[in-house]
$ cat coords30.csv   # CSV, C-alpha atoms and all ligand atoms
chain,number,residue,atom,x,y,z
A,1,MET,CA,-14.3,-26.6,-24.6
A,2,ARG,CA,-14.1,-27.7,-21.0
A,3,ILE,CA,-16.0,-26.9,-17.8
A,4,GLU,CA,-14.3,-26.8,-14.4
A,5,GLU,CA,-16.8,-28.1,-11.9
A,6,ASP,CA,-15.2,-27.3,-8.6
A,7,VAL,CA,-16.7,-24.2,-7.0
A,8,LYS,CA,-14.6,-21.0,-6.9
A,9,LEU,CA,-15.4,-18.5,-4.2
A,10,ASP,CA,-15.6,-14.7,-3.7
A,11,TYR,CA,-15.2,-12.9,-0.4
A,12,LYS,CA,-18.9,-12.8,0.1
A,13,ASP,CA,-19.2,-16.6,-0.1
A,14,VAL,CA,-17.3,-17.2,3.1
A,15,LEU,CA,-17.0,-16.1,6.8
A,16,ILE,CA,-14.1,-16.8,9.1
A,17,ARG,CA,-14.7,-19.3,11.9
A,18,PRO,CA,-13.9,-17.9,15.4
A,19,LYS,CA,-11.2,-19.8,17.4
A,20,ARG,CA,-10.2,-19.9,21.1
A,21,SER,CA,-7.8,-17.2,21.8
A,22,THR,CA,-5.6,-15.9,24.7
A,23,LEU,CA,-5.7,-12.4,23.4
A,24,ALA,CA,-7.3,-10.0,25.8
A,25,SER,CA,-7.6,-7.0,23.5
A,26,ARG,CA,-7.2,-6.0,19.9
A,27,ARG,CA,-4.6,-3.6,21.0
A,28,GLU,CA,-2.3,-6.6,21.5
A,29,VAL,CA,-2.4,-7.5,17.8
A,30,ASP,CA,0.4,-6.5,15.5
A,31,ILE,CA,-0.9,-6.0,11.9
A,32,SER,CA,2.4,-5.0,10.3
A,33,ARG,CA,4.5,-7.5,8.4
A,34,ARG,CA,8.1,-7.8,7.5
A,35,TYR,CA,9.0,-9.3,4.1
A,36,LYS,CA,12.3,-9.9,2.3
A,37,PHE,CA,11.8,-9.7,-1.4
A,38,LYS,CA,13.2,-12.5,-3.6
A,39,TRP,CA,14.8,-10.5,-6.3
A,40,SER,CA,15.4,-7.0,-5.0
A,41,GLY,CA,16.7,-8.2,-1.6
A,42,HIS,CA,14.9,-5.3,0.0
A,43,THR,CA,12.9,-5.6,3.1
A,44,PHE,CA,9.3,-4.4,3.5
A,45,ASP,CA,8.2,-3.4,7.0
A,46,GLY,CA,4.8,-1.9,7.6
A,47,ILE,CA,1.1,-2.6,7.3
A,48,PRO,CA,0.8,-4.3,3.9
A,49,ILE,CA,-2.1,-2.3,2.4
A,50,ILE,CA,-1.6,-0.4,-0.8
A,51,ALA,CA,-3.8,2.3,-2.3
A,52,ALA,CA,-4.6,1.4,-5.9
A,53,ASN,CA,-3.0,3.3,-8.9
A,54,MET,CA,-6.3,4.9,-9.8
A,55,ASP,CA,-7.3,8.5,-10.2
A,56,GLY,CA,-8.7,9.7,-6.8
A,57,VAL,CA,-6.9,6.9,-4.9
A,58,GLY,CA,-3.3,6.5,-6.0
A,59,THR,CA,-2.6,10.2,-5.3
A,60,LEU,CA,0.5,12.0,-4.1
A,61,SER,CA,-1.7,13.4,-1.3
A,62,MET,CA,-2.5,9.9,-0.2
A,63,ALA,CA,1.2,8.9,-0.3
A,64,LYS,CA,2.0,12.0,1.8
A,65,TYR,CA,-0.7,11.0,4.3
A,66,PHE,CA,0.7,7.5,4.7
A,67,ALA,CA,4.2,8.8,4.9
A,68,GLU,CA,3.2,10.9,7.9
A,69,ASP,CA,0.9,8.6,9.8
A,70,GLY,CA,3.7,6.1,10.5
A,71,ASN,CA,1.8,2.9,9.8
A,72,GLY,CA,3.8,2.0,6.7
A,73,LEU,CA,0.9,1.7,4.3
A,74,SER,CA,1.8,2.6,0.7
A,75,VAL,CA,0.4,4.0,-2.5
A,76,ALA,CA,0.8,2.8,-6.0
A,77,VAL,CA,0.8,6.3,-7.4
A,78,THR,CA,-1.0,6.7,-10.8
A,79,LYS,CA,1.2,6.9,-13.8
A,80,HIS,CA,-0.5,10.1,-15.0
A,81,TYR,CA,1.4,12.5,-12.8
A,82,ALA,CA,4.0,14.7,-14.4
A,83,LEU,CA,7.6,13.7,-13.9
A,84,ASP,CA,8.3,16.9,-12.0
A,85,ASP,CA,5.5,16.3,-9.5
A,86,LEU,CA,6.7,12.8,-8.9
A,87,GLN,CA,10.3,13.8,-8.4
A,88,ALA,CA,9.3,16.6,-6.1
A,89,TYR,CA,7.3,14.1,-4.0
A,90,TYR,CA,10.2,11.6,-3.8
A,91,ALA,CA,12.7,14.4,-3.0
A,92,GLU,CA,10.6,15.7,-0.1
A,93,HIS,CA,9.0,12.5,1.3
A,94,GLY,CA,11.3,9.7,0.3
A,95,ASN,CA,10.3,6.4,-1.2
A,96,ARG,CA,9.1,4.3,1.7
A,97,ASN,CA,5.4,4.7,1.0
A,98,ILE,CA,5.3,4.8,-2.7
A,99,TRP,CA,5.3,2.4,-5.7
A,100,TYR,CA,6.1,4.0,-9.0
A,101,SER,CA,3.5,2.7,-11.5
A,102,ILE,CA,3.9,2.0,-15.2
A,103,GLY,CA,2.2,0.2,-18.0
A,104,VAL,CA,4.1,-1.4,-20.8
A,105,SER,CA,4.2,1.5,-23.3
A,106,GLU,CA,7.5,3.0,-24.5
A,107,LYS,CA,6.2,6.4,-23.3
A,108,ASP,CA,6.0,5.0,-19.7
A,109,VAL,CA,9.5,3.6,-20.1
A,110,GLU,CA,10.9,6.9,-21.3
A,111,LYS,CA,9.4,8.7,-18.3
A,112,LEU,CA,10.8,6.1,-16.0
A,113,ASP,CA,14.3,6.4,-17.6
A,114,ALA,CA,14.2,10.2,-17.2
A,115,PHE,CA,13.4,9.7,-13.5
A,116,LEU,CA,16.2,7.1,-13.1
A,117,ALA,CA,18.7,9.5,-14.6
A,118,SER,CA,17.7,12.4,-12.3
A,119,ASP,CA,19.4,13.8,-9.2
A,120,VAL,CA,16.6,12.6,-7.0
A,121,GLN,CA,17.4,9.0,-8.0
A,122,LYS,CA,21.1,9.5,-7.7
A,123,GLY,CA,20.6,11.0,-4.2
A,124,GLY,CA,19.2,7.7,-3.0
A,125,ASN,CA,15.6,8.9,-2.5
A,126,GLY,CA,14.4,7.7,-5.8
A,127,ILE,CA,12.3,4.8,-7.1
A,128,ASP,CA,12.9,1.5,-5.2
A,129,LYS,CA,9.5,-0.1,-5.8
A,130,LEU,CA,7.9,-0.4,-9.2
A,131,CYS,CA,4.3,-1.5,-10.0
A,132,ILE,CA,4.0,-2.8,-13.6
A,133,ASP,CA,0.2,-2.9,-14.2
A,134,VAL,CA,-1.8,-4.2,-17.1
A,135,ALA,CA,-5.4,-5.3,-17.3
A,136,ASN,CA,-4.4,-8.7,-18.7
A,137,GLY,CA,-1.1,-10.2,-17.4
A,138,TYR,CA,-1.4,-13.3,-19.6
A,139,SER,CA,0.4,-11.9,-22.7
A,140,GLU,CA,3.9,-13.0,-23.7
A,141,HIS,CA,4.7,-9.4,-24.3
A,142,PHE,CA,4.0,-8.6,-20.6
A,143,VAL,CA,6.2,-11.4,-19.4
A,144,GLU,CA,9.0,-10.2,-21.6
A,145,PHE,CA,8.5,-6.7,-20.3
A,146,VAL,CA,8.8,-7.9,-16.7
A,147,LYS,CA,12.0,-9.7,-17.6
A,148,ARG,CA,13.3,-6.5,-19.3
A,149,MET,CA,12.6,-4.4,-16.2
A,150,ARG,CA,14.2,-7.0,-13.9
A,151,ASP,CA,17.4,-7.0,-16.0
A,152,LYS,CA,17.4,-3.2,-16.1
A,153,LEU,CA,16.6,-2.7,-12.4
A,154,PRO,CA,18.1,-5.7,-10.4
A,155,GLU,CA,17.7,-4.0,-7.1
A,156,THR,CA,14.2,-2.6,-7.5
A,157,THR,CA,11.3,-4.3,-5.9
A,158,ILE,CA,8.9,-5.2,-8.8
A,159,MET,CA,5.2,-5.9,-8.4
A,160,ALA,CA,3.5,-7.1,-11.6
A,161,GLY,CA,0.0,-8.1,-12.7
A,162,ASN,CA,-2.8,-8.8,-13.0
A,163,VAL,CA,-3.3,-12.5,-13.2
A,164,VAL,CA,-5.5,-15.0,-11.3
A,165,THR,CA,-4.0,-18.5,-11.8
A,166,GLY,CA,-1.1,-20.3,-10.2
A,167,GLU,CA,0.8,-21.2,-13.4
A,168,MET,CA,1.0,-17.5,-14.5
A,169,VAL,CA,2.0,-16.4,-11.0
A,170,GLU,CA,4.9,-18.8,-11.2
A,171,GLU,CA,5.9,-17.5,-14.6
A,172,LEU,CA,5.9,-13.9,-13.4
A,173,VAL,CA,7.9,-14.7,-10.2
A,174,LEU,CA,10.4,-16.6,-12.3
A,175,SER,CA,10.6,-13.7,-14.7
A,176,GLY,CA,11.6,-11.3,-12.0
A,177,ALA,CA,8.4,-10.2,-10.1
A,178,ASP,CA,8.9,-10.0,-6.3
A,179,VAL,CA,5.1,-9.5,-5.9
A,180,VAL,CA,2.4,-10.7,-8.3
A,181,LYS,CA,-0.8,-8.7,-8.3
A,182,VAL,CA,-3.9,-10.9,-8.4
A,183,GLY,CA,-7.4,-10.0,-9.6
A,184,ILE,CA,-9.3,-10.0,-12.9
A,185,GLY,CA,-12.7,-8.6,-12.7
A,186,PRO,CA,-13.4,-8.0,-9.0
A,187,GLY,CA,-12.9,-4.3,-8.9
A,188,SER,CA,-15.7,-1.9,-7.7
A,189,VAL,CA,-15.7,0.1,-11.0
A,190,CYS,CA,-14.5,-2.8,-13.2
A,191,THR,CA,-16.8,-4.2,-16.0
A,192,THR,CA,-14.5,-6.8,-17.4
A,193,ARG,CA,-16.7,-9.7,-16.4
A,194,LYS,CA,-19.7,-8.1,-18.1
A,195,MET,CA,-17.8,-6.9,-21.2
A,196,THR,CA,-15.7,-10.0,-21.8
A,197,GLY,CA,-17.1,-12.9,-19.8
A,198,VAL,CA,-13.6,-13.3,-18.3
A,199,GLY,CA,-12.8,-13.4,-14.6
A,200,TYR,CA,-12.1,-15.5,-11.5
A,201,PRO,CA,-13.8,-15.3,-8.1
A,202,GLN,CA,-11.3,-13.4,-6.0
A,203,LEU,CA,-11.0,-15.4,-2.8
A,204,SER,CA,-10.2,-18.6,-4.8
A,205,ALA,CA,-7.8,-16.7,-7.0
A,206,VAL,CA,-5.9,-15.4,-3.9
A,207,ILE,CA,-5.8,-18.9,-2.3
A,208,GLU,CA,-4.4,-20.5,-5.4
A,209,CYS,CA,-2.0,-17.7,-6.4
A,210,ALA,CA,-0.6,-17.3,-2.9
A,211,ASP,CA,0.1,-21.0,-2.8
A,212,ALA,CA,2.0,-20.8,-6.1
A,213,ALA,CA,3.9,-17.7,-5.2
A,214,HIS,CA,5.0,-18.8,-1.7
A,215,GLY,CA,6.4,-22.0,-3.2
A,216,LEU,CA,8.9,-19.8,-5.1
A,217,LYS,CA,9.5,-17.3,-2.3
A,218,GLY,CA,7.3,-14.7,-4.1
A,219,PHE,CA,4.5,-12.7,-2.7
A,220,VAL,CA,1.0,-11.8,-3.9
A,221,CYS,CA,-1.1,-8.7,-3.7
A,222,ALA,CA,-4.8,-9.3,-3.6
A,223,ASP,CA,-6.1,-6.5,-5.9
A,224,GLY,CA,-9.8,-5.5,-6.0
A,225,GLY,CA,-13.1,-6.7,-4.6
A,226,CYS,CA,-12.7,-5.5,-1.0
A,227,THR,CA,-15.8,-3.5,0.0
A,228,VAL,CA,-15.7,-3.7,3.8
A,229,PRO,CA,-12.9,-4.2,6.3
A,230,GLY,CA,-13.9,-7.9,6.8
A,231,ASP,CA,-12.9,-8.5,3.1
A,232,LEU,CA,-9.3,-7.5,3.9
A,233,ALA,CA,-9.3,-10.0,6.8
A,234,LYS,CA,-10.6,-12.7,4.3
A,235,ALA,CA,-7.9,-11.8,1.8
A,236,PHE,CA,-5.1,-12.0,4.3
A,237,GLY,CA,-6.7,-15.2,5.7
A,238,ALA,CA,-6.6,-16.6,2.2
A,239,GLY,CA,-2.9,-16.0,2.1
A,240,ALA,CA,-2.5,-12.6,0.5
A,241,ASP,CA,0.7,-10.8,1.5
A,242,PHE,CA,-0.5,-7.4,0.4
A,243,VAL,CA,-4.1,-6.1,-0.2
A,244,MET,CA,-4.7,-3.3,-2.7
A,245,LEU,CA,-7.7,-1.0,-2.3
A,246,GLY,CA,-9.5,1.2,-4.7
A,247,GLY,CA,-13.1,2.0,-3.9
A,248,MET,CA,-12.7,1.7,-0.1
A,249,LEU,CA,-10.2,4.6,-0.2
A,250,ALA,CA,-12.0,6.8,-2.8
A,251,GLY,CA,-14.1,9.9,-2.0
A,252,HIS,CA,-11.9,11.4,0.7
A,253,ASP,CA,-10.2,14.7,0.9
A,254,LEU,CA,-7.0,13.2,-0.4
A,255,CYS,CA,-8.6,12.2,-3.8
A,256,GLU,CA,-7.4,15.4,-5.5
A,257,GLY,CA,-10.6,15.5,-7.6
A,258,SER,CA,-13.4,18.0,-7.7
A,259,ILE,CA,-16.2,17.8,-5.1
A,260,ASP,CA,-19.7,18.4,-6.4
A,261,GLU,CA,-22.7,19.5,-4.3
A,262,ASP,CA,-26.3,18.7,-5.2
A,263,GLU,CA,-29.4,20.8,-4.5
A,264,ASN,CA,-29.7,19.3,-0.9
A,265,GLY,CA,-26.2,20.3,-0.1
A,266,ASP,CA,-24.9,16.7,-0.2
A,267,LYS,CA,-21.4,16.4,-1.5
A,268,PHE,CA,-20.2,13.9,-4.2
A,269,VAL,CA,-17.0,12.8,-5.8
A,270,THR,CA,-16.8,11.2,-9.3
A,271,PHE,CA,-14.9,7.9,-9.2
A,272,TYR,CA,-14.0,5.8,-12.3
A,273,GLY,CA,-12.2,2.8,-13.5
A,274,MET,CA,-8.8,3.4,-15.2
A,275,SER,CA,-10.1,1.9,-18.4
A,276,SER,CA,-13.5,3.6,-18.3
A,277,ASP,CA,-14.6,6.2,-20.9
A,278,THR,CA,-13.9,8.9,-18.3
A,279,ALA,CA,-10.3,7.9,-17.7
A,280,MET,CA,-9.6,7.4,-21.4
A,281,GLN,CA,-11.1,10.8,-22.3
A,282,LYS,CA,-9.0,12.4,-19.6
A,283,HIS,CA,-5.7,10.7,-20.2
A,284,SER,CA,-5.7,9.5,-23.9
A,285,GLY,CA,-8.2,11.9,-25.5
A,286,GLY,CA,-10.9,9.2,-26.1
A,287,VAL,CA,-11.6,5.5,-26.3
A,288,ALA,CA,-9.4,3.7,-28.8
A,289,GLU,CA,-11.4,2.1,-31.6
A,290,TYR,CA,-10.1,-1.4,-31.1
A,291,ARG,CA,-11.1,-1.6,-27.4
A,292,ALA,CA,-14.2,-1.2,-25.4
A,293,SER,CA,-14.2,0.5,-22.1
A,294,GLU,CA,-13.9,-2.0,-19.2
A,295,GLY,CA,-14.6,0.3,-16.4
A,296,LYS,CA,-17.4,2.5,-15.2
A,297,THR,CA,-17.9,5.9,-13.7
A,298,VAL,CA,-19.9,6.3,-10.5
A,299,ARG,CA,-20.8,9.2,-8.2
A,300,ILE,CA,-20.0,8.4,-4.6
A,301,PRO,CA,-20.7,10.4,-1.4
A,302,TYR,CA,-17.8,12.7,-0.4
A,303,ARG,CA,-16.3,11.1,2.8
A,304,GLY,CA,-14.1,13.9,4.0
A,305,ASP,CA,-11.2,13.0,6.3
A,306,ILE,CA,-9.7,9.6,5.7
A,307,ALA,CA,-8.7,9.0,9.3
A,308,GLU,CA,-12.0,7.5,10.3
A,309,THR,CA,-12.1,5.2,7.3
A,310,MET,CA,-8.5,4.1,8.1
A,311,GLN,CA,-9.5,3.5,11.7
A,312,GLY,CA,-12.3,1.3,10.6
A,313,ILE,CA,-10.1,-0.7,8.2
A,314,LEU,CA,-7.2,-1.2,10.6
A,315,GLY,CA,-9.5,-1.8,13.6
A,316,GLY,CA,-11.5,-4.4,11.7
A,317,LEU,CA,-8.4,-6.2,10.7
A,318,ARG,CA,-7.0,-6.2,14.3
A,319,SER,CA,-10.4,-7.4,15.5
A,320,ALA,CA,-10.5,-10.3,13.0
A,321,CYS,CA,-7.1,-11.4,14.3
A,322,THR,CA,-8.4,-11.5,17.9
A,323,TYR,CA,-11.4,-13.6,16.9
A,324,VAL,CA,-9.1,-16.3,15.6
A,325,GLY,CA,-6.3,-15.9,18.2
A,326,ALA,CA,-3.7,-14.4,15.8
A,327,VAL,CA,-1.3,-12.2,17.8
A,328,GLU,CA,0.3,-11.0,14.5
A,329,LEU,CA,-1.2,-10.6,11.0
A,330,LYS,CA,1.4,-13.2,10.0
A,331,GLU,CA,-0.6,-15.9,11.9
A,332,LEU,CA,-4.0,-15.0,10.4
A,333,SER,CA,-3.9,-17.3,7.4
A,334,LYS,CA,-2.7,-20.3,9.5
A,335,ARG,CA,-5.5,-19.7,11.9
A,336,THR,CA,-8.2,-19.1,9.3
A,337,THR,CA,-10.9,-21.7,8.6
A,338,PHE,CA,-13.4,-20.4,6.1
A,339,ILE,CA,-17.1,-21.4,6.3
A,340,ARG,CA,-19.0,-21.4,3.1
A,341,VAL,CA,-22.1,-19.4,3.5
A,342,THR,CA,-23.6,-19.4,0.0
A,343,GLN,CA,-24.7,-22.4,-2.0
A,344,GLN,CA,-24.0,-20.9,-5.4
A,345,ILE,CA,-22.4,-17.9,-6.8
A,346,ASN,CA,-25.3,-15.6,-7.5
A,347,ASN,CA,-23.9,-12.3,-8.5
A,348,VAL,CA,-20.4,-12.5,-9.7
A,349,PHE,CA,-20.9,-9.3,-11.7
A,350,GLY,CA,-21.3,-7.2,-8.6
A,351,THR,CA,-24.0,-4.5,-8.2
A,352,SER,CA,-24.3,-1.8,-10.7
B,401,LIG,P1,-11.6,-2.0,-5.8
B,401,LIG,O1,-10.7,-1.9,-4.6
B,401,LIG,O2,-12.1,-0.7,-6.2
B,401,LIG,O3,-12.6,-3.1,-5.8
B,401,LIG,O4,-10.6,-2.5,-7.0
B,401,LIG,C1,-9.5,-1.7,-7.4
B,401,LIG,C2,-8.8,-2.4,-8.6
B,401,LIG,O5,-9.7,-2.4,-9.7
B,401,LIG,C3,-7.6,-1.7,-9.1
B,401,LIG,O6,-6.4,-1.8,-8.4
B,401,LIG,C4,-7.5,-2.3,-10.5
B,401,LIG,O7,-6.8,-3.5,-10.5
B,401,LIG,C5,-8.9,-2.5,-10.9
B,401,LIG,N1,-9.4,-1.5,-11.9
B,401,LIG,C6,-9.3,-0.2,-11.8
B,401,LIG,N2,-9.9,0.4,-12.8
B,401,LIG,C7,-10.3,-0.5,-13.6
B,401,LIG,C8,-11.0,-0.5,-14.9
B,401,LIG,O8,-11.4,0.5,-15.5
B,401,LIG,N3,-11.3,-1.8,-15.4
B,401,LIG,C9,-11.0,-2.9,-14.7
B,401,LIG,N4,-11.2,-4.1,-15.3
B,401,LIG,N5,-10.3,-2.9,-13.5
B,401,LIG,C10,-10.0,-1.8,-13.0
$ encode --input "coords30.csv" --output "structure tokens" --more "lines below"
Ligand code: 5GP
Amino acid sequence: MRIEEDVKLDYKDVLIRPKRSTLASRREVDISRRYKFKWSGHTFDGIPIIAANMDGVGTLSMAKYFAEDGNGLSVAVTKHYALDDLQAYYAEHGNRNIWYSIGVSEKDVEKLDAFLASDVQKGGNGIDKLCIDVANGYSEHFVEFVKRMRDKLPETTIMAGNVVTGEMVEELVLSGADVVKVGIGPGSVCTTRKMTGVGYPQLSAVIECADAAHGLKGFVCADGGCTVPGDLAKAFGAGADFVMLGGMLAGHDLCEGSIDEDENGDKFVTFYGMSSDTAMQKHSGGVAEYRASEGKTVRIPYRGDIAETMQGILGGLRSACTYVGAVELKELSKRTTFIRVTQQINNVFGTS
């Protein structure tokens, strides 16, 4: 047994120090990014925020919204859609704003293969970005799976995760991942830290993983733990190339879930982790015996139109850039100095 003594930080443990700036207005700030991916050779051009592949967030309605609003945000669409629905989406709206998600099961691979053999794929509108998502990206089996997908799909942009340490980021980049997804335990409806004792404070994970990925021309996506727009600024300031959001985008009219009303007329939406009892009941017919649920189910207020939420998120990010004099999002991490504002990590398990 060993104890690491150096302090690891979460978003809530820091603030960004303001810096002198020549920027007159947040309107002058460009928060889109352009990346060229190491393996696929494709170029990304847009605002690097991705809706998480969760029920109520990674929906086709959300993808359609992002395809139409022109900002270039994208959605990792949940893997639970029927093949026909996915193909119909790609055929109509193209692939710019959508990551096709899979786990590592053969069932997921069969569905992917069926898509790859379809006319939509052959017509050039098909899958060009793949999100390979498992709760624990540390297994050899997962690394082998990433290699297998890279061999099979040499020109597809692959995002893979989740991990939280530099050496595993390097292994995944070298195995064929263009983007490594970073985060174990920070999610708003995640209970991994409580159920297993495993995790890593997200800000430090992003700083360390971004450093490892960038050294190999890879990218990282900071996944989970953002609760307010300022957290996205901290994630990008820490070196994240993409930020993935679950809870911050949940509860809107694009969630494709049912909206409940209480006796006072207040509306609610049920939001749950993808390994919660709710998700397992819905998609797998129950919790498998060998595993405990590592996600929870919450009722959140219905938030209606997503436009106002998006304005808050994008406005907050632009404003953060003006406070440190970053004309482009690209400059934010270079101009970020974090100030530690907590002496100890009090509540790594989040609020319940
Ligand atoms: P949020 O933005 O809500 O804080 O975090 C979203 C992320 O939480 C997702 O992208 C995913 O990585 C993670 N997540 C989603 N569902 C679950 C779950 O049931 N258990 C765990 N451990 N993580 C989850």
$ closest_residue --input "coords30.csv" --among "A:Thr156, A:Thr191, A:Gln281, A:Gln343" --to "ligand LIG 401 (chain B)" --atoms "all atoms listed in the file"
A:Thr191
$ closest_residue --input "coords30.csv" --among "A:Gly316, A:Gly126, A:Pro48, A:Gly224" --to "ligand LIG 401 (chain B)" --atoms "all atoms listed in the file"
A:Gly224
$ residues_near_ligand --input "coords30.csv" --ligand "ligand LIG 401 (chain B)" --cutoff "6 Å" --atoms "only C-alpha atoms and all ligand atoms" --output "ChimeraX atom specification"
/A:52,185-188,190-192,223-226,245-247,273-276,294-295
$ write_last_selection --input "coords30.csv" --atoms "C-alpha atoms" --output "PDB file, in the coordinates of the input"
ATOM      1  CA  ALA A  52      -4.600   1.400  -5.900  1.00  0.00           C
ATOM      2  CA  GLY A 185     -12.700  -8.600 -12.700  1.00  0.00           C
ATOM      3  CA  PRO A 186     -13.400  -8.000  -9.000  1.00  0.00           C
ATOM      4  CA  GLY A 187     -12.900  -4.300  -8.900  1.00  0.00           C
ATOM      5  CA  SER A 188     -15.700  -1.900  -7.700  1.00  0.00           C
ATOM      6  CA  CYS A 190     -14.500  -2.800 -13.200  1.00  0.00           C
ATOM      7  CA  THR A 191     -16.800  -4.200 -16.000  1.00  0.00           C
ATOM      8  CA  THR A 192     -14.500  -6.800 -17.400  1.00  0.00           C
ATOM      9  CA  ASP A 223      -6.100  -6.500  -5.900  1.00  0.00           C
ATOM     10  CA  GLY A 224      -9.800  -5.500  -6.000  1.00  0.00           C
ATOM     11  CA  GLY A 225     -13.100  -6.700  -4.600  1.00  0.00           C
ATOM     12  CA  CYS A 226     -12.700  -5.500  -1.000  1.00  0.00           C
ATOM     13  CA  LEU A 245      -7.700  -1.000  -2.300  1.00  0.00           C
ATOM     14  CA  GLY A 246      -9.500   1.200  -4.700  1.00  0.00           C
ATOM     15  CA  GLY A 247     -13.100   2.000  -3.900  1.00  0.00           C
ATOM     16  CA  GLY A 273     -12.200   2.800 -13.500  1.00  0.00           C
ATOM     17  CA  MET A 274      -8.800   3.400 -15.200  1.00  0.00           C
ATOM     18  CA  SER A 275     -10.100   1.900 -18.400  1.00  0.00           C
ATOM     19  CA  SER A 276     -13.500   3.600 -18.300  1.00  0.00           C
ATOM     20  CA  GLU A 294     -13.900  -2.000 -19.200  1.00  0.00           C
ATOM     21  CA  GLY A 295     -14.600   0.300 -16.400  1.00  0.00           C
TER      22      GLY A 295
END
$ closest_residue --input "coords30.csv" --among "A:Asp231, A:Glu28, A:Asp55, A:Asp241" --to "His214 of chain A" --atoms "all atoms listed in the file"
A:Asp241
$ closest_residue --input "coords30.csv" --among "A:Met1, A:Ala222, A:Val179, A:Ala114" --to "Ala51 of chain A" --atoms "all atoms listed in the file"
A:Ala222
$ residues_around --input "coords30.csv" --residues "segment 332-334 of chain A" --least-positions-apart "3" --cutoff "6 Å" --atoms "all atoms listed in the file" --output "number ranges by chain"
A: 237-239, 326, 329
$ atom_distance --input "coords30.csv" --atom1 "atom CA of Thr309 of chain A" --atom2 "atom CA of Met62 of chain A"
13.1 Å
$ closest_residue --input "coords30.csv" --among "A:Val77, A:Ile50, A:Val298, A:Ile259" --to "Tyr272 of chain A" --atoms "all atoms listed in the file"
A:Val298
$ closest_residue --input "coords30.csv" --among "A:Val324, A:Lys267, A:Glu331, A:Val104" --to "Ile300 of chain A" --atoms "only C-alpha atoms"
A:Lys267
$ residues_near_point --input "coords30.csv" --point "(13.8, -12.1, -3.1)" --cutoff "10 Å" --atoms "all atoms listed in the file" --output "list in words"
Tyr35, Lys36, Phe37, Lys38, Trp39, Ser40, Gly41, His42, Thr43, Glu155, Thr157, Val173, Gly176, Ala177, Asp178, Val179, Leu216, Lys217, Gly218 and Phe219 of chain A
$ atom_distance --input "coords30.csv" --atom1 "atom CA of His283 of chain A" --atom2 "atom CA of Ala91 of chain A"
25.5 Å
